[in-house]
>>> print(open('protein-v1.pdb').read())   # PDB, C-alpha atoms
ATOM      1  CA  MET A   1       0.000   0.000   0.000  1.00  0.00           C
ATOM      2  CA  ASP A   2       1.306   3.459  -0.855  1.00  0.00           C
ATOM      3  CA  ARG A   3       1.508   6.185   1.808  1.00  0.00           C
ATOM      4  CA  GLU A   4      -0.929   8.301  -0.212  1.00  0.00           C
ATOM      5  CA  GLU A   5      -3.587   5.648   0.365  1.00  0.00           C
ATOM      6  CA  ILE A   6      -3.383   5.951   4.155  1.00  0.00           C
ATOM      7  CA  TRP A   7      -4.805   8.837   6.204  1.00  0.00           C
ATOM      8  CA  VAL A   8      -2.648   9.509   9.276  1.00  0.00           C
ATOM      9  CA  THR A   9      -3.742  11.733  12.163  1.00  0.00           C
ATOM     10  CA  SER A  10      -1.685  12.609  15.210  1.00  0.00           C
ATOM     11  CA  LYS A  11      -2.110  15.108  18.031  1.00  0.00           C
ATOM     12  CA  LEU A  12      -0.326  17.683  20.107  1.00  0.00           C
ATOM     13  CA  TRP A  13      -0.272  16.337  23.645  1.00  0.00           C
ATOM     14  CA  ASN A  14      -1.765  18.235  26.567  1.00  0.00           C
ATOM     15  CA  ASP A  15       1.605  18.987  28.103  1.00  0.00           C
ATOM     16  CA  LYS A  16       3.121  20.348  24.851  1.00  0.00           C
ATOM     17  CA  HIS A  17       1.073  23.510  24.319  1.00  0.00           C
ATOM     18  CA  GLY A  18       4.024  25.859  24.802  1.00  0.00           C
ATOM     19  CA  GLU A  19       4.818  27.956  21.748  1.00  0.00           C
ATOM     20  CA  HIS A  20       8.242  26.351  21.473  1.00  0.00           C
ATOM     21  CA  ASP A  21       6.875  22.810  21.896  1.00  0.00           C
ATOM     22  CA  VAL A  22       4.393  22.635  19.015  1.00  0.00           C
ATOM     23  CA  VAL A  23       6.704  22.212  16.014  1.00  0.00           C
ATOM     24  CA  PRO A  24       9.208  19.883  17.782  1.00  0.00           C
ATOM     25  CA  SER A  25       6.290  17.769  19.041  1.00  0.00           C
ATOM     26  CA  CYS A  26       4.972  17.340  15.516  1.00  0.00           C
ATOM     27  CA  GLN A  27       8.470  16.533  14.269  1.00  0.00           C
ATOM     28  CA  LYS A  28       8.782  13.892  17.015  1.00  0.00           C
ATOM     29  CA  SER A  29       5.470  12.346  15.954  1.00  0.00           C
ATOM     30  CA  LEU A  30       6.681  12.202  12.361  1.00  0.00           C
ATOM     31  CA  SER A  31       9.956  10.627  13.437  1.00  0.00           C
ATOM     32  CA  ASP A  32       8.250   8.111  15.750  1.00  0.00           C
ATOM     33  CA  LEU A  33       5.894   7.116  12.952  1.00  0.00           C
ATOM     34  CA  GLY A  34       8.618   7.074  10.303  1.00  0.00           C
ATOM     35  CA  LEU A  35       6.652   9.491   8.113  1.00  0.00           C
ATOM     36  CA  GLU A  36       7.399  12.633   6.130  1.00  0.00           C
ATOM     37  CA  TYR A  37       3.946  14.178   6.598  1.00  0.00           C
ATOM     38  CA  LEU A  38       0.650  13.832   8.450  1.00  0.00           C
ATOM     39  CA  ASN A  39      -2.764  14.343   6.936  1.00  0.00           C
ATOM     40  CA  MET A  40      -4.091  15.915  10.116  1.00  0.00           C
ATOM     41  CA  TYR A  41      -2.531  17.200  13.338  1.00  0.00           C
ATOM     42  CA  LEU A  42      -4.901  18.009  16.178  1.00  0.00           C
ATOM     43  CA  VAL A  43      -4.693  19.839  19.480  1.00  0.00           C
ATOM     44  CA  HIS A  44      -5.535  17.003  21.865  1.00  0.00           C
ATOM     45  CA  TRP A  45      -7.264  19.242  24.399  1.00  0.00           C
ATOM     46  CA  PRO A  46      -7.797  23.018  24.371  1.00  0.00           C
ATOM     47  CA  PHE A  47      -5.709  23.673  27.490  1.00  0.00           C
ATOM     48  CA  PRO A  48      -2.538  22.220  29.015  1.00  0.00           C
ATOM     49  CA  ASN A  49      -3.189  19.351  31.381  1.00  0.00           C
ATOM     50  CA  HIS A  50      -1.662  16.037  32.359  1.00  0.00           C
ATOM     51  CA  HIS A  51      -3.133  12.880  33.832  1.00  0.00           C
ATOM     52  CA  PRO A  52      -0.994  10.126  35.275  1.00  0.00           C
ATOM     53  CA  LYS A  53      -0.881   6.854  33.368  1.00  0.00           C
ATOM     54  CA  GLY A  54      -3.755   4.550  34.307  1.00  0.00           C
ATOM     55  CA  CYS A  55      -5.851   7.205  36.041  1.00  0.00           C
ATOM     56  CA  ASP A  56      -9.630   7.120  35.837  1.00  0.00           C
ATOM     57  CA  VAL A  57     -11.878   9.834  34.399  1.00  0.00           C
ATOM     58  CA  SER A  58     -12.371  11.517  37.772  1.00  0.00           C
ATOM     59  CA  ALA A  59      -8.626  12.180  38.269  1.00  0.00           C
ATOM     60  CA  ARG A  60      -7.622  15.840  38.354  1.00  0.00           C
ATOM     61  CA  SER A  61      -4.059  17.018  38.025  1.00  0.00           C
ATOM     62  CA  PRO A  62      -3.005  19.620  40.607  1.00  0.00           C
ATOM     63  CA  ASN A  63      -1.062  21.296  37.768  1.00  0.00           C
ATOM     64  CA  ALA A  64      -4.057  21.542  35.419  1.00  0.00           C
ATOM     65  CA  GLN A  65      -4.523  24.974  33.903  1.00  0.00           C
ATOM     66  CA  PRO A  66      -7.798  26.648  32.979  1.00  0.00           C
ATOM     67  CA  TYR A  67      -8.666  27.433  29.379  1.00  0.00           C
ATOM     68  CA  ILE A  68      -7.281  30.853  28.494  1.00  0.00           C
ATOM     69  CA  HIS A  69      -8.180  31.879  24.983  1.00  0.00           C
ATOM     70  CA  GLU A  70      -5.059  33.978  24.381  1.00  0.00           C
ATOM     71  CA  ASN A  71      -2.824  31.034  25.321  1.00  0.00           C
ATOM     72  CA  TYR A  72      -4.782  28.664  23.116  1.00  0.00           C
ATOM     73  CA  MET A  73      -4.458  31.078  20.182  1.00  0.00           C
ATOM     74  CA  ARG A  74      -0.674  31.232  20.640  1.00  0.00           C
ATOM     75  CA  THR A  75      -0.642  27.438  20.425  1.00  0.00           C
ATOM     76  CA  TRP A  76      -2.964  27.526  17.415  1.00  0.00           C
ATOM     77  CA  ARG A  77      -0.772  30.024  15.556  1.00  0.00           C
ATOM     78  CA  LYS A  78       2.150  27.602  15.938  1.00  0.00           C
ATOM     79  CA  MET A  79      -0.089  24.833  14.612  1.00  0.00           C
ATOM     80  CA  GLU A  80      -0.705  27.023  11.555  1.00  0.00           C
ATOM     81  CA  ASP A  81       3.075  27.282  11.055  1.00  0.00           C
ATOM     82  CA  LEU A  82       3.113  23.541  10.445  1.00  0.00           C
TER      83      LEU A  82
END
>>> encode(input="protein-v1.pdb", output="structure tokens")
Amino acid sequence: MDREEIWVTSKLWNDKHGEHDVVPSCQKSLSDLGLEYLNMYLVHWPFPNHHPKGCDVSARSPNAQPYIHENYMRTWRKMEDL
């Protein structure tokens, strides 16, 4: 099967919303997947957050941050750079 026949989506993790993390995070995804491009790259969640591995849906990180539109837009502008 040729690469053009496969749709590949990846995402920017919750803890990689910093302006300087977006492009390197996408590059890491490409490297990990052994690909030259993605068809879609999503923001996993609209604000930075982290949940420990194996936690349940009620777990709340003490370092969770609220949604702040200006911060999200800085992240989004870096997504546009991709």
>>> resolve_selection(input="protein-v1.pdb", expression="the PyMOL selection byres ((chain A and resi 6) around 12)", output="list in words")
Met1, Asp2, Arg3, Glu4, Glu5, Trp7, Val8, Thr9, Leu35, Tyr37, Leu38, Asn39 and Met40 of chain A
>>> closest_residue(input="protein-v1.pdb", among="A:Pro48, A:Met73, A:Leu30, A:His20", to="Ser61 of chain A", atoms="all atoms listed in the file")
A:Pro48
>>> atom_distance(input="protein-v1.pdb", atom1="atom CA of Arg77 of chain A", atom2="atom CA of His17 of chain A")
11.1 Å
>>> axis_aligned_box(input="protein-v1.pdb", around="segment 43-50 of chain A", padding_each_side="5 Å", output="AutoDock Vina command-line options")
--center_x -4.7 --center_y 19.9 --center_z 25.9 --size_x 16.1 --size_y 17.6 --size_z 22.9
>>> closest_residue(input="protein-v1.pdb", among="A:Val22, A:Ser10, A:Asn71, A:Ala64", to="Pro52 of chain A", atoms="all atoms listed in the file")
A:Ala64
>>> residues_around(input="protein-v1.pdb", residues="Glu19 of chain A", least_positions_apart="3", cutoff="8 Å", atoms="all atoms listed in the file", output="PyMOL selection string")
chain A and resi 22+74-75+78
>>> atom_distance(input="protein-v1.pdb", atom1="atom CA of Glu70 of chain A", atom2="atom CA of Lys16 of chain A")
15.9 Å
>>> resolve_selection(input="protein-v1.pdb", expression="the PyMOL selection byres ((chain A and resi 11) around 7)", output="ChimeraX atom specification")
/A:9-10,12-13,41-44
>>> write_last_selection(input="protein-v1.pdb", atoms="C-alpha atoms", output="JSON list (two decimals), in the coordinates of the input")
[["chain", "number", "residue", "atom", "x", "y", "z"],
["A", 9, "THR", "CA", -3.74, 11.73, 12.16],
["A", 10, "SER", "CA", -1.68, 12.61, 15.21],
["A", 12, "LEU", "CA", -0.33, 17.68, 20.11],
["A", 13, "TRP", "CA", -0.27, 16.34, 23.64],
["A", 41, "TYR", "CA", -2.53, 17.20, 13.34],
["A", 42, "LEU", "CA", -4.90, 18.01, 16.18],
["A", 43, "VAL", "CA", -4.69, 19.84, 19.48],
["A", 44, "HIS", "CA", -5.54, 17.00, 21.86]]
>>> atom_distance(input="protein-v1.pdb", atom1="atom CA of Asn49 of chain A", atom2="atom CA of Asn14 of chain A")
5.1 Å
>>> closest_residue(input="protein-v1.pdb", among="A:Gly18, A:Asp32, A:Val57, A:Val23", to="Met79 of chain A", atoms="all atoms listed in the file")
A:Val23
>>> closest_residue(input="protein-v1.pdb", among="A:Trp76, A:Lys53, A:His69, A:Leu82", to="Gln27 of chain A", atoms="all atoms listed in the file")
A:Leu82
